[in-house]
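J.: Sharing a structure here in structure tokens format.
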Amino acid sequence: MAGHTELDFEIAIETGLTGAGGYTKRDASAYDEALALFPDDVIGFLQASQPSKWAQLEALLGDKTGATVLGSLAKELEIKGTLHVLRYGFKCYGKTFRLANFRPNSTMNPEAAAAYRQNRLTITRQVAFTSVIKKADGKNRRCIIDVTLSLNGLPVATIELKNPLTGQRAADAVTQYQSDRDERDLLFAFKKRALVHFAVDPDEVWMTTRLKGKETTFLPFNRGNNLGAGNPPVEDDWKTHYLWDEVLQGDSLMDILQRFMHLEVKERQVKTDKGMRTIRKETMIFPRYHQLDVVRKLVGHAQVNGSGRNYLIQHSAGSGKSNSIAWLAHRLASLHDGNDEKVFHSVVVVTDRRVLDQQLQNTIYQFEHKTGVVEKIDENTQQLAAALSNGTPIIITTLQKFPFISQALATLESKGSGIKINTAGKRFAVIVDEAHSSQSGETATALRGMLNKDGIESAIGAQMSEEEDDALSDDAKAAILRDSLRRARQPNLSFFAFTATPKFKTKVLFDEPGPSGTSPFHEYSMRQAIEEGFIMDVLQNYTTYKRFFGLIKQVENDPEVPRKKAAKALSRYLELHPVNIDQVVSVIVEHFRLYVMSEMAGRAKAMVVTGSRLAAVKYKLAFDRYIKDHGYSGIRSLVAFSGSVEDPDDPGASYTEVAMNEGLAESELPEAFERDDYRVLLVAEKYQTGFDQPLLQTMYVVKRLSGVQAVQTLSRLNRMAPGKARTFVLDFANEEDDIYQAFKPYYEATSIGENADAHQLSELQHKLLAWAIFAPDDINAFAEVWYKSKRDHSAADHRVMNAVLDAVIARFGEKDEAEQEEFRGQLTAFRNLYAFLSQIIPYQDSELEKLYAFVRNIMAKLPPPSDGQAFTLDNEIALRYFRLQQMTEGSIDLGQGEAYPLKGPTDVGTSGVREEPVTLSSLVEKLNERFGTDFTEADQLFFDQITASAENNENIVEAAKANNLPNFSAYLERMLDELFIDRMENNEEIFSRVMSDKEFRGAAHEHLALEIFKKIRQ
């Protein structure tokens, strides 16, 4: 039936792009697989756009010209990458050829406009290539990519299409990219050919800029629907039509390549035995839909309406505001109106974040390839005066500087220094990072007065002639007028304010109406960010002290629920009302030890939010004292507060952050906290906003929070990270309803229910089994594989797990729609309730633990609801980390230790054979014995991953097959740095030891070489 197949979907997209989209159709046979280019388009564009250069080269090279040029292009793409070559060209025999002509900022240069029209945008369907991923029999595999988009012969985007009407969705396209596409294939090589890859169906779009096998991260590229995830229905069109009709349309794609895409580079220093080494991490940034949309709408509105507008951009925390600000600043700095006049002479970015300064400079340098575009005001008053007067395109400063600078300028002018800011006839765009009500205060008044000084003085002169109040001197009357005019909206200033949590005053001040007819001008809600899996819901596992205590008591009073010995101790602590810091600290430490330390493969961190600087000092002292008194290890703490604190209860005692952190400089604290040895950060007013640490998993609140402060503080937990399956908040100071009311204005789906019933899990377990969609045998069959040690896994295990799950999915499909949705709801309820309660109650119930793992995986494979509006891409990396974490914690079949013995399936009546407790690997044992370290099974995962990476490296495999063990060992020694660096974030403690201790490294290398050699040979 027409329109019902994937092929018809593909044809429709091609028709859209070759019609109004500005593309030309290109046959797949035109693709050169060896070069991963369309040679005829490359040569055709160069000949047509730069004929004289081509003629000179042809006179020199004759018939070899085409092949020589293509060879030079391929070499520069290998070194500099697609984006750089498109923007700045490539060299061949000393001549620089442009490979793309971008649209000029104004229409005043007709030659540039003509050159822009010479670009060749092409769409090619069904491009075939031989993959480096072999068939099971070792033979080559021929693969086909559905759609390839190219610019002047250079592939820039690939698209895999799926159609739910033929049984597949965008999630299947994601899986296809992860399993059947490899960055070793030149078309998909990071930076070197296609820059972005889309997984598309009629309902959803997801995208990535780097393929890394199963670790490939796809981000949502959806418009959002009613402040949630997904896309809204479109009359007589696909929900995802915006991708080809708007985003990938020719002018739009050229704009993205010119002004949005950039390479983000992060560097960090690592200590090795040869000194400090710089580790470089590169990420290709393609704007997400809401980022692209907000920048274009703001720029379009400013271009038509000019200056004098105030815009509010309400984007959720973690939504990429830094990049949005960088793109907006760059666009506004070069924006021209319909008369080809600059809309703004300078863009002033107001921020307190130091990282934003460097990020802005690095990002915009890639667009402009010149210095001086961005200037940070960090020297003196003259620096700001010169930057504003000379029209520096982008100026970065802090709002707090303006009152002081304004006073300094007034003083200098009165002394006749000649230093002044000349703003006559100039218009400014002011981008405010994290806008709040302070923008309407004296600091913002000083800013407005400075940026429109000449306009205000002219207005004063005009109004003074009409002033009839003779009770005041002319100077006094002028000063009053000056202050009143400074507070008013300035016609030469437009404000662009970004925040996730606007206050009432903020919405009133930044009042340019958006689609709803009121402020904000643009919105990306917290709900949408959570539903898209971009940030975590920090309220999902939120509990007050009272609720926490009640749940523990339920367990203590019910002998049928198994419990660990430590539960009694924890309950005893809780029975003491928290009237002093020592009692609260004891609860915090014991909870952290029992429920947080093992999260995220043993890397999870916590924050303690205190109410004052003195409280932070006392909590830090009590925390460290408790750890020492109980002989606990692995829970080092840091404290953050400003200035010096005197303790009235201890006359003469004075405390500073640096001293309490054993000399650690204030600027070094964020980096130090990232290390594995520091697990808890105690804060007073610091690090509660703008602090981005994805490893933060739990927060202990001993401070009253309300409104915006509550949202900002708790949102420190919302960053995603590998293995981060949940967050947890234990609140000693606030009521649930207060937090609910604080989040409600910013979070559509907030849900904080009544006190949970610890026994509801058993009820849900019974309900789920009563459906007969799955049985205990299915759960056990799945668990036998899921809880295997990684070193015992085989290729058949994945097949077995999926076969079990597929049978369950088939039974699910036999139910009617209403039953399916009821069953799905019960699965969700069980998953969420267990994730919450297991952080409070020390369950030792293997049935519940197995069911939890089973349910999470079933939910990842369930078909989407029949309305087709949304589906979730379960984080396979997170699930894999979660499974490994459960292994290392000693869950089912892997229990170890006297204090918390866990029972395997045999103990609850299954037919499985009891396995002996898994001991530490011989490598970890060897390292512990020889070097006095205390690495655990969790640390063994680092070495397992090194081994697995080596087994998947073709060069290492060939070396093992072609050499004896001593020769292979020598070869592996040269490869170890690369293997260790790739896995460094998984265990920085071992990584640091390996890189800095030659003897330790030698012992690890000796063991790894033998293990890898044996596995490959086998």
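Letters A, B, ... mark the chains of the structure tokens in the order given; residue numbers begin at 1 per chain; ligand numbers begin at 1, in order shown.
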If you count only C-alpha atoms, which residues fall within 10 Å of region 989-992 of chain A, apart from same-chain ones fewer than 5 positions away, as a VMD selection string?
T.: chain A and resid 270 to 273 675 to 677 935 939 to 940 942 to 943 977 980 to 981 983 to 984 997 1000 to 1001
J.: Can you list, as a PDB file with N, CA and C atoms, in the first residue's frame, all residues belonging to region 178-357 of chain A that DSSP tags as strand (DSSP E or B)?
T.:
```
ATOM      1  N   VAL A 196      27.117  14.518  11.392  1.00  0.00           N
ATOM      2  CA  VAL A 196      25.965  14.238  12.246  1.00  0.00           C
ATOM      3  C   VAL A 196      25.182  13.084  11.644  1.00  0.00           C
ATOM      4  N   HIS A 197      24.561  12.302  12.519  1.00  0.00           N
ATOM      5  CA  HIS A 197      23.814  11.118  12.094  1.00  0.00           C
ATOM      6  C   HIS A 197      22.444  11.145  12.773  1.00  0.00           C
ATOM      7  N   PHE A 198      21.385  10.964  11.977  1.00  0.00           N
ATOM      8  CA  PHE A 198      20.018  11.047  12.481  1.00  0.00           C
ATOM      9  C   PHE A 198      19.330   9.688  12.421  1.00  0.00           C
ATOM     10  N   ALA A 199      18.611   9.354  13.491  1.00  0.00           N
ATOM     11  CA  ALA A 199      17.717   8.193  13.532  1.00  0.00           C
ATOM     12  C   ALA A 199      16.291   8.738  13.501  1.00  0.00           C
ATOM     13  N   VAL A 200      15.519   8.377  12.480  1.00  0.00           N
ATOM     14  CA  VAL A 200      14.264   9.078  12.206  1.00  0.00           C
ATOM     15  C   VAL A 200      13.127   8.102  11.936  1.00  0.00           C
ATOM     16  N   VAL A 205      12.821  12.016  16.297  1.00  0.00           N
ATOM     17  CA  VAL A 205      14.148  12.201  15.704  1.00  0.00           C
ATOM     18  C   VAL A 205      15.184  12.180  16.824  1.00  0.00           C
ATOM     19  N   TRP A 206      16.265  11.437  16.612  1.00  0.00           N
ATOM     20  CA  TRP A 206      17.387  11.402  17.550  1.00  0.00           C
ATOM     21  C   TRP A 206      18.664  11.603  16.750  1.00  0.00           C
ATOM     22  N   MET A 207      19.681  12.164  17.350  1.00  0.00           N
ATOM     23  CA  MET A 207      20.895  12.441  16.591  1.00  0.00           C
ATOM     24  C   MET A 207      22.144  12.247  17.449  1.00  0.00           C
ATOM     25  N   THR A 208      23.265  11.991  16.754  1.00  0.00           N
ATOM     26  CA  THR A 208      24.564  11.876  17.411  1.00  0.00           C
ATOM     27  C   THR A 208      25.620  12.436  16.475  1.00  0.00           C
ATOM     28  N   LYS A 212      30.323   5.261  18.564  1.00  0.00           N
ATOM     29  CA  LYS A 212      31.262   4.534  19.427  1.00  0.00           C
ATOM     30  C   LYS A 212      30.658   3.200  19.835  1.00  0.00           C
ATOM     31  N   LYS A 214      28.300   0.399  21.102  1.00  0.00           N
ATOM     32  CA  LYS A 214      27.216   0.399  22.087  1.00  0.00           C
ATOM     33  C   LYS A 214      27.257   1.620  22.998  1.00  0.00           C
ATOM     34  N   LEU A 219      21.082  11.928  21.198  1.00  0.00           N
ATOM     35  CA  LEU A 219      20.325  12.959  21.890  1.00  0.00           C
ATOM     36  C   LEU A 219      18.998  13.183  21.176  1.00  0.00           C
ATOM     37  N   PRO A 220      17.956  13.537  21.923  1.00  0.00           N
ATOM     38  CA  PRO A 220      16.671  13.826  21.283  1.00  0.00           C
ATOM     39  C   PRO A 220      16.778  15.071  20.416  1.00  0.00           C
ATOM     40  N   ASN A 225       6.220  18.417  23.092  1.00  0.00           N
ATOM     41  CA  ASN A 225       4.768  18.376  22.937  1.00  0.00           C
ATOM     42  C   ASN A 225       4.111  18.710  24.266  1.00  0.00           C
ATOM     43  N   GLY A 228       6.262  18.645  27.205  1.00  0.00           N
ATOM     44  CA  GLY A 228       6.853  17.345  27.467  1.00  0.00           C
ATOM     45  C   GLY A 228       7.658  16.881  26.262  1.00  0.00           C
ATOM     46  N   VAL A 234       0.704  16.980  13.513  1.00  0.00           N
ATOM     47  CA  VAL A 234       0.676  18.021  12.487  1.00  0.00           C
ATOM     48  C   VAL A 234      -0.389  17.635  11.466  1.00  0.00           C
ATOM     49  N   ASP A 237       0.399  15.936   7.826  1.00  0.00           N
ATOM     50  CA  ASP A 237       1.856  15.812   7.669  1.00  0.00           C
ATOM     51  C   ASP A 237       2.415  14.925   8.769  1.00  0.00           C
ATOM     52  N   HIS A 262      30.420  23.200  16.094  1.00  0.00           N
ATOM     53  CA  HIS A 262      31.792  23.476  16.492  1.00  0.00           C
ATOM     54  C   HIS A 262      32.348  22.303  17.282  1.00  0.00           C
ATOM     55  N   LEU A 263      33.658  22.265  17.382  1.00  0.00           N
ATOM     56  CA  LEU A 263      34.344  21.203  18.108  1.00  0.00           C
ATOM     57  C   LEU A 263      34.648  21.681  19.514  1.00  0.00           C
ATOM     58  N   GLU A 264      34.026  21.038  20.501  1.00  0.00           N
ATOM     59  CA  GLU A 264      34.270  21.391  21.901  1.00  0.00           C
ATOM     60  C   GLU A 264      35.447  20.573  22.410  1.00  0.00           C
ATOM     61  N   VAL A 265      36.437  21.256  22.941  1.00  0.00           N
ATOM     62  CA  VAL A 265      37.653  20.590  23.412  1.00  0.00           C
ATOM     63  C   VAL A 265      37.814  20.838  24.906  1.00  0.00           C
ATOM     64  N   LYS A 266      37.925  19.754  25.665  1.00  0.00           N
ATOM     65  CA  LYS A 266      38.177  19.857  27.098  1.00  0.00           C
ATOM     66  C   LYS A 266      39.496  19.161  27.403  1.00  0.00           C
ATOM     67  N   GLU A 267      40.329  19.844  28.179  1.00  0.00           N
ATOM     68  CA  GLU A 267      41.625  19.279  28.550  1.00  0.00           C
ATOM     69  C   GLU A 267      41.741  19.186  30.062  1.00  0.00           C
ATOM     70  N   ARG A 268      42.424  18.162  30.516  1.00  0.00           N
ATOM     71  CA  ARG A 268      42.679  18.017  31.947  1.00  0.00           C
ATOM     72  C   ARG A 268      44.070  17.449  32.139  1.00  0.00           C
ATOM     73  N   GLN A 269      44.691  17.807  33.264  1.00  0.00           N
ATOM     74  CA  GLN A 269      46.044  17.361  33.566  1.00  0.00           C
ATOM     75  C   GLN A 269      46.012  16.086  34.406  1.00  0.00           C
ATOM     76  N   VAL A 270      46.824  15.120  34.019  1.00  0.00           N
ATOM     77  CA  VAL A 270      46.922  13.853  34.746  1.00  0.00           C
ATOM     78  C   VAL A 270      48.378  13.598  35.091  1.00  0.00           C
ATOM     79  N   LYS A 271      48.614  13.204  36.333  1.00  0.00           N
ATOM     80  CA  LYS A 271      49.978  12.948  36.780  1.00  0.00           C
ATOM     81  C   LYS A 271      50.423  11.561  36.350  1.00  0.00           C
ATOM     82  N   THR A 272      51.613  11.467  35.724  1.00  0.00           N
ATOM     83  CA  THR A 272      52.181  10.188  35.324  1.00  0.00           C
ATOM     84  C   THR A 272      53.593  10.092  35.885  1.00  0.00           C
ATOM     85  N   GLY A 275      55.753  12.859  34.693  1.00  0.00           N
ATOM     86  CA  GLY A 275      55.289  14.217  34.949  1.00  0.00           C
ATOM     87  C   GLY A 275      53.821  14.375  34.587  1.00  0.00           C
ATOM     88  N   MET A 276      53.378  15.609  34.426  1.00  0.00           N
ATOM     89  CA  MET A 276      51.976  15.882  34.108  1.00  0.00           C
ATOM     90  C   MET A 276      51.725  15.637  32.616  1.00  0.00           C
ATOM     91  N   ARG A 277      50.586  15.036  32.353  1.00  0.00           N
ATOM     92  CA  ARG A 277      50.200  14.756  30.974  1.00  0.00           C
ATOM     93  C   ARG A 277      48.816  15.350  30.725  1.00  0.00           C
ATOM     94  N   THR A 278      48.631  15.963  29.556  1.00  0.00           N
ATOM     95  CA  THR A 278      47.352  16.575  29.199  1.00  0.00           C
ATOM     96  C   THR A 278      46.469  15.578  28.468  1.00  0.00           C
ATOM     97  N   ILE A 279      45.285  15.359  29.005  1.00  0.00           N
ATOM     98  CA  ILE A 279      44.303  14.478  28.365  1.00  0.00           C
ATOM     99  C   ILE A 279      43.280  15.358  27.646  1.00  0.00           C
ATOM    100  N   ARG A 280      43.078  15.105  26.386  1.00  0.00           N
ATOM    101  CA  ARG A 280      42.213  15.933  25.543  1.00  0.00           C
ATOM    102  C   ARG A 280      40.960  15.148  25.148  1.00  0.00           C
ATOM    103  N   LYS A 281      39.816  15.748  25.355  1.00  0.00           N
ATOM    104  CA  LYS A 281      38.544  15.130  24.982  1.00  0.00           C
ATOM    105  C   LYS A 281      37.812  16.049  24.018  1.00  0.00           C
ATOM    106  N   GLU A 282      37.452  15.517  22.843  1.00  0.00           N
ATOM    107  CA  GLU A 282      36.797  16.307  21.815  1.00  0.00           C
ATOM    108  C   GLU A 282      35.351  15.857  21.611  1.00  0.00           C
ATOM    109  N   THR A 283      34.457  16.826  21.449  1.00  0.00           N
ATOM    110  CA  THR A 283      33.047  16.547  21.182  1.00  0.00           C
ATOM    111  C   THR A 283      32.575  17.464  20.065  1.00  0.00           C
ATOM    112  N   MET A 284      32.005  16.881  19.023  1.00  0.00           N
ATOM    113  CA  MET A 284      31.426  17.694  17.959  1.00  0.00           C
ATOM    114  C   MET A 284      30.027  18.113  18.389  1.00  0.00           C
ATOM    115  N   ILE A 285      29.781  19.414  18.422  1.00  0.00           N
ATOM    116  CA  ILE A 285      28.506  19.942  18.900  1.00  0.00           C
ATOM    117  C   ILE A 285      27.597  20.275  17.720  1.00  0.00           C
ATOM    118  N   ASN A 310      12.985  43.330  25.638  1.00  0.00           N
ATOM    119  CA  ASN A 310      13.482  42.489  26.732  1.00  0.00           C
ATOM    120  C   ASN A 310      12.927  41.075  26.581  1.00  0.00           C
ATOM    121  N   TYR A 311      13.811  40.108  26.375  1.00  0.00           N
ATOM    122  CA  TYR A 311      13.407  38.727  26.117  1.00  0.00           C
ATOM    123  C   TYR A 311      13.762  37.830  27.299  1.00  0.00           C
ATOM    124  N   LEU A 312      12.849  36.933  27.674  1.00  0.00           N
ATOM    125  CA  LEU A 312      13.121  35.923  28.692  1.00  0.00           C
ATOM    126  C   LEU A 312      13.178  34.552  28.013  1.00  0.00           C
ATOM    127  N   ILE A 313      14.280  33.840  28.227  1.00  0.00           N
ATOM    128  CA  ILE A 313      14.445  32.492  27.690  1.00  0.00           C
ATOM    129  C   ILE A 313      14.475  31.542  28.881  1.00  0.00           C
ATOM    130  N   GLN A 314      13.388  30.810  29.087  1.00  0.00           N
ATOM    131  CA  GLN A 314      13.274  29.913  30.236  1.00  0.00           C
ATOM    132  C   GLN A 314      13.633  28.493  29.795  1.00  0.00           C
ATOM    133  N   HIS A 315      14.907  28.143  29.964  1.00  0.00           N
ATOM    134  CA  HIS A 315      15.404  26.836  29.572  1.00  0.00           C
ATOM    135  C   HIS A 315      15.877  26.076  30.802  1.00  0.00           C
ATOM    136  N   HIS A 336      22.417  42.151  10.715  1.00  0.00           N
ATOM    137  CA  HIS A 336      22.056  43.348   9.953  1.00  0.00           C
ATOM    138  C   HIS A 336      20.556  43.341   9.694  1.00  0.00           C
ATOM    139  N   LYS A 342      23.820  47.502  10.923  1.00  0.00           N
ATOM    140  CA  LYS A 342      23.980  46.631  12.087  1.00  0.00           C
ATOM    141  C   LYS A 342      22.864  46.906  13.097  1.00  0.00           C
ATOM    142  N   SER A 346      27.507  46.296  19.664  1.00  0.00           N
ATOM    143  CA  SER A 346      28.253  45.372  20.528  1.00  0.00           C
ATOM    144  C   SER A 346      27.266  44.489  21.285  1.00  0.00           C
ATOM    145  N   VAL A 347      27.740  43.310  21.658  1.00  0.00           N
ATOM    146  CA  VAL A 347      26.966  42.395  22.496  1.00  0.00           C
ATOM    147  C   VAL A 347      27.682  42.285  23.838  1.00  0.00           C
ATOM    148  N   VAL A 348      26.973  42.566  24.921  1.00  0.00           N
ATOM    149  CA  VAL A 348      27.539  42.471  26.269  1.00  0.00           C
ATOM    150  C   VAL A 348      26.964  41.228  26.937  1.00  0.00           C
ATOM    151  N   VAL A 349      27.835  40.276  27.285  1.00  0.00           N
ATOM    152  CA  VAL A 349      27.406  39.054  27.964  1.00  0.00           C
ATOM    153  C   VAL A 349      27.693  39.201  29.451  1.00  0.00           C
ATOM    154  N   VAL A 350      26.644  39.155  30.254  1.00  0.00           N
ATOM    155  CA  VAL A 350      26.769  39.336  31.701  1.00  0.00           C
ATOM    156  C   VAL A 350      26.686  37.971  32.368  1.00  0.00           C
TER     157      VAL A 350
END
```
J.: At a cut-off of 10 Å, using only C-alpha atoms, what residues contact region 166-180 of chain A? Leave out same-chain residues fewer than 5 positions from it and give the result as a ChimeraX atom specification.
T.: /A:4-6,131-134,141,143-145,159-161,188,197-208,211-218,863-864,868,871-874
J.: Please save C-alpha atoms of the selected residues as a CSV table (one decimal), in the first residue's frame.
T.:
```
chain,number,residue,atom,x,y,z
A,4,HIS,CA,3.1,2.5,4.2
A,5,THR,CA,6.7,1.4,3.7
A,6,GLU,CA,10.1,2.7,4.7
A,131,SER,CA,31.9,-2.4,6.7
A,132,VAL,CA,34.9,-3.1,8.9
A,133,ILE,CA,32.4,-5.1,11.0
A,134,LYS,CA,32.7,-8.7,9.6
A,141,ARG,CA,29.6,-7.2,5.0
A,143,CYS,CA,25.9,-2.2,4.2
A,144,ILE,CA,23.6,0.6,3.0
A,145,ILE,CA,22.8,3.9,4.5
A,159,ILE,CA,20.0,9.4,8.1
A,160,GLU,CA,18.6,6.0,8.9
A,161,LEU,CA,14.8,5.9,8.5
A,188,PHE,CA,31.4,7.7,9.7
A,197,HIS,CA,23.8,11.1,12.1
A,198,PHE,CA,20.0,11.0,12.5
A,199,ALA,CA,17.7,8.2,13.5
A,200,VAL,CA,14.3,9.1,12.2
A,201,ASP,CA,10.7,7.8,12.1
A,202,PRO,CA,7.5,9.6,11.5
A,203,ASP,CA,7.2,10.4,15.2
A,204,GLU,CA,10.7,10.9,16.7
A,205,VAL,CA,14.1,12.2,15.7
A,206,TRP,CA,17.4,11.4,17.5
A,207,MET,CA,20.9,12.4,16.6
A,208,THR,CA,24.6,11.9,17.4
A,211,LEU,CA,29.6,6.6,16.7
A,212,LYS,CA,31.3,4.5,19.4
A,213,GLY,CA,29.5,1.2,19.2
A,214,LYS,CA,27.2,0.4,22.1
A,215,GLU,CA,28.5,3.5,23.9
A,216,THR,CA,27.2,5.8,21.2
A,217,THR,CA,25.0,8.5,22.8
A,218,PHE,CA,22.0,9.7,20.8
A,863,PRO,CA,6.5,-1.6,22.2
A,864,PRO,CA,5.5,2.0,22.6
A,868,GLY,CA,2.9,6.4,19.0
A,871,PHE,CA,9.2,6.1,23.1
A,872,THR,CA,12.3,6.0,25.3
A,873,LEU,CA,15.8,5.1,24.4
A,874,ASP,CA,16.9,3.2,27.5
```
J.: As a list in words, please: the residues near Gly391 (chain A) (cut-off 7 Å, only C-alpha atoms, same-chain neighbours under 2 positions excluded).
T.: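 Surrounding residues, per the criterion: His345, Ser346, Ala387, Leu388, Ser389 and Pro393 of chain A.
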J.: For His330 (chain A), work out the shell of residues within 9 Å, counting only C-alpha atoms and skipping chain neighbours fewer than 4 positions away, then give it as a PyMOL selection string.
T.: chain A and resi 259+325-326+334-335+347+364+367+393-394
J.: I'd like to know which of A:His766, A:Arg974, A:Arg87, A:Arg726 is closest to Gln366 (chain A), using only C-alpha atoms.
T.: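 Distance minimum relative to Gln366 (chain A) lands on A:Arg87.
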J.: Which value, in Å to one decimal, gives the distance between CA of Gly224 (chain A) and CA of Arg296 (chain A)?
T.: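 Going from CA of Gly224 (chain A) over to CA of Arg296 (chain A), I get 16.9 Å.
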J.: Counting only C-alpha atoms, which of A:Glu183, A:Thr397, A:Ala113, A:Phe728 gets nearest to Leu384 (chain A)?
T.: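 Ranked by minimum distance to Leu384 (chain A), first place goes to A:Thr397.
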J.: If I take CA of Ile43 (chain A) and CA of Ala20 (chain A), how far is one from the other in Å, to one decimal?
T.: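 Here the two named atoms are 25.4 Å from each other.
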J.: Calculate how many Å separate CA of Gln528 (chain A) from CA of Ala229 (chain A), rounding to one decimal.
T.: 4.8 Å
J.: Residues within 12 Å of Gln540 (chain A), please, as an MDAnalysis selection string. Count only C-alpha atoms; anything in the same chain fewer than 2 positions from it doesn't count.
T.: chainID A and resid 530 536:538 542:543 698 714 717:718 725:730 740 749:753 829 831:837
J.: Could you take the residues named above and write them with N, CA and C atoms, as a short mmCIF file (atom, residue, chain, number, x, y, z; two decimals), in the first residue's frame?
T.:
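Contents of out.cif, freshly written:
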```cif
data_model
loop_
_atom_site.label_atom_id
_atom_site.label_comp_id
_atom_site.auth_asym_id
_atom_site.auth_seq_id
_atom_site.Cartn_x
_atom_site.Cartn_y
_atom_site.Cartn_z
N ILE A 530 13.51 16.15 31.32
CA ILE A 530 13.48 14.87 32.05
C ILE A 530 12.92 13.76 31.17
N MET A 536 17.93 14.29 35.01
CA MET A 536 17.23 13.36 35.89
C MET A 536 16.18 14.10 36.72
N ASP A 537 15.16 13.36 37.12
CA ASP A 537 14.11 13.91 37.97
C ASP A 537 14.55 13.79 39.42
N VAL A 538 14.94 14.91 40.01
CA VAL A 538 15.51 14.87 41.37
C VAL A 538 14.45 14.67 42.43
N TYR A 542 12.65 11.48 46.61
CA TYR A 542 12.81 12.55 47.61
C TYR A 542 12.06 12.16 48.87
N THR A 543 12.71 12.27 50.01
CA THR A 543 12.02 11.92 51.25
C THR A 543 12.48 12.82 52.38
N THR A 698 23.39 11.86 45.58
CA THR A 698 22.55 12.02 46.78
C THR A 698 22.79 13.38 47.41
N LEU A 714 18.46 21.62 44.58
CA LEU A 714 18.21 20.22 44.31
C LEU A 714 18.60 19.84 42.89
N LEU A 717 21.68 17.72 41.39
CA LEU A 717 21.70 16.27 41.22
C LEU A 717 21.28 15.83 39.83
N ASN A 718 20.80 16.74 38.98
CA ASN A 718 20.07 16.28 37.80
C ASN A 718 20.91 15.90 36.60
N ALA A 725 21.50 5.57 37.72
CA ALA A 725 20.13 5.11 37.47
C ALA A 725 19.11 5.87 38.28
N ARG A 726 19.53 6.58 39.33
CA ARG A 726 18.56 7.25 40.21
C ARG A 726 19.30 8.29 41.05
N THR A 727 18.54 9.20 41.62
CA THR A 727 19.08 10.15 42.59
C THR A 727 18.30 9.99 43.89
N PHE A 728 18.81 10.60 44.96
CA PHE A 728 18.13 10.48 46.25
C PHE A 728 18.35 11.75 47.06
N VAL A 729 17.28 12.24 47.68
CA VAL A 729 17.36 13.40 48.57
C VAL A 729 16.81 13.01 49.93
N LEU A 730 17.60 13.23 50.98
CA LEU A 730 17.14 13.04 52.36
C LEU A 730 17.12 14.42 53.01
N TYR A 740 7.31 20.67 46.80
CA TYR A 740 6.36 20.54 45.69
C TYR A 740 5.97 21.92 45.15
N ALA A 749 5.51 17.91 35.67
CA ALA A 749 5.11 16.58 36.14
C ALA A 749 5.53 16.27 37.56
N THR A 750 5.70 17.28 38.39
CA THR A 750 6.11 17.03 39.77
C THR A 750 5.11 16.13 40.48
N SER A 751 5.62 15.13 41.16
CA SER A 751 4.72 14.23 41.88
C SER A 751 5.41 13.76 43.15
N ILE A 752 4.97 14.28 44.27
CA ILE A 752 5.49 13.85 45.57
C ILE A 752 4.32 13.29 46.35
N GLY A 753 4.25 11.99 46.44
CA GLY A 753 3.07 11.36 47.02
C GLY A 753 3.13 11.23 48.52
N ALA A 829 5.32 1.36 38.22
CA ALA A 829 5.15 1.56 39.66
C ALA A 829 6.16 0.72 40.45
N ARG A 831 9.06 -0.53 39.37
CA ARG A 831 10.43 -0.03 39.13
C ARG A 831 10.73 1.19 39.99
N ASN A 832 9.82 2.16 39.97
CA ASN A 832 10.06 3.41 40.71
C ASN A 832 10.04 3.21 42.21
N LEU A 833 9.12 2.39 42.69
CA LEU A 833 9.01 2.18 44.13
C LEU A 833 10.22 1.42 44.67
N TYR A 834 10.68 0.42 43.93
CA TYR A 834 11.84 -0.33 44.40
C TYR A 834 13.10 0.55 44.37
N ALA A 835 13.24 1.34 43.30
CA ALA A 835 14.40 2.23 43.21
C ALA A 835 14.45 3.19 44.39
N PHE A 836 13.27 3.62 44.83
CA PHE A 836 13.19 4.55 45.96
C PHE A 836 13.42 3.83 47.29
N LEU A 837 12.61 2.80 47.54
CA LEU A 837 12.65 2.16 48.86
C LEU A 837 13.97 1.43 49.12
#
```
J.: Using only C-alpha atoms, which protein or nucleic acid residues come within 7 Å of region 67-77 of chain A? Drop anything in the same chain fewer than 5 positions from it, and give the result as number ranges by chain.
T.: A: 35, 82, 85, 90-92, 192
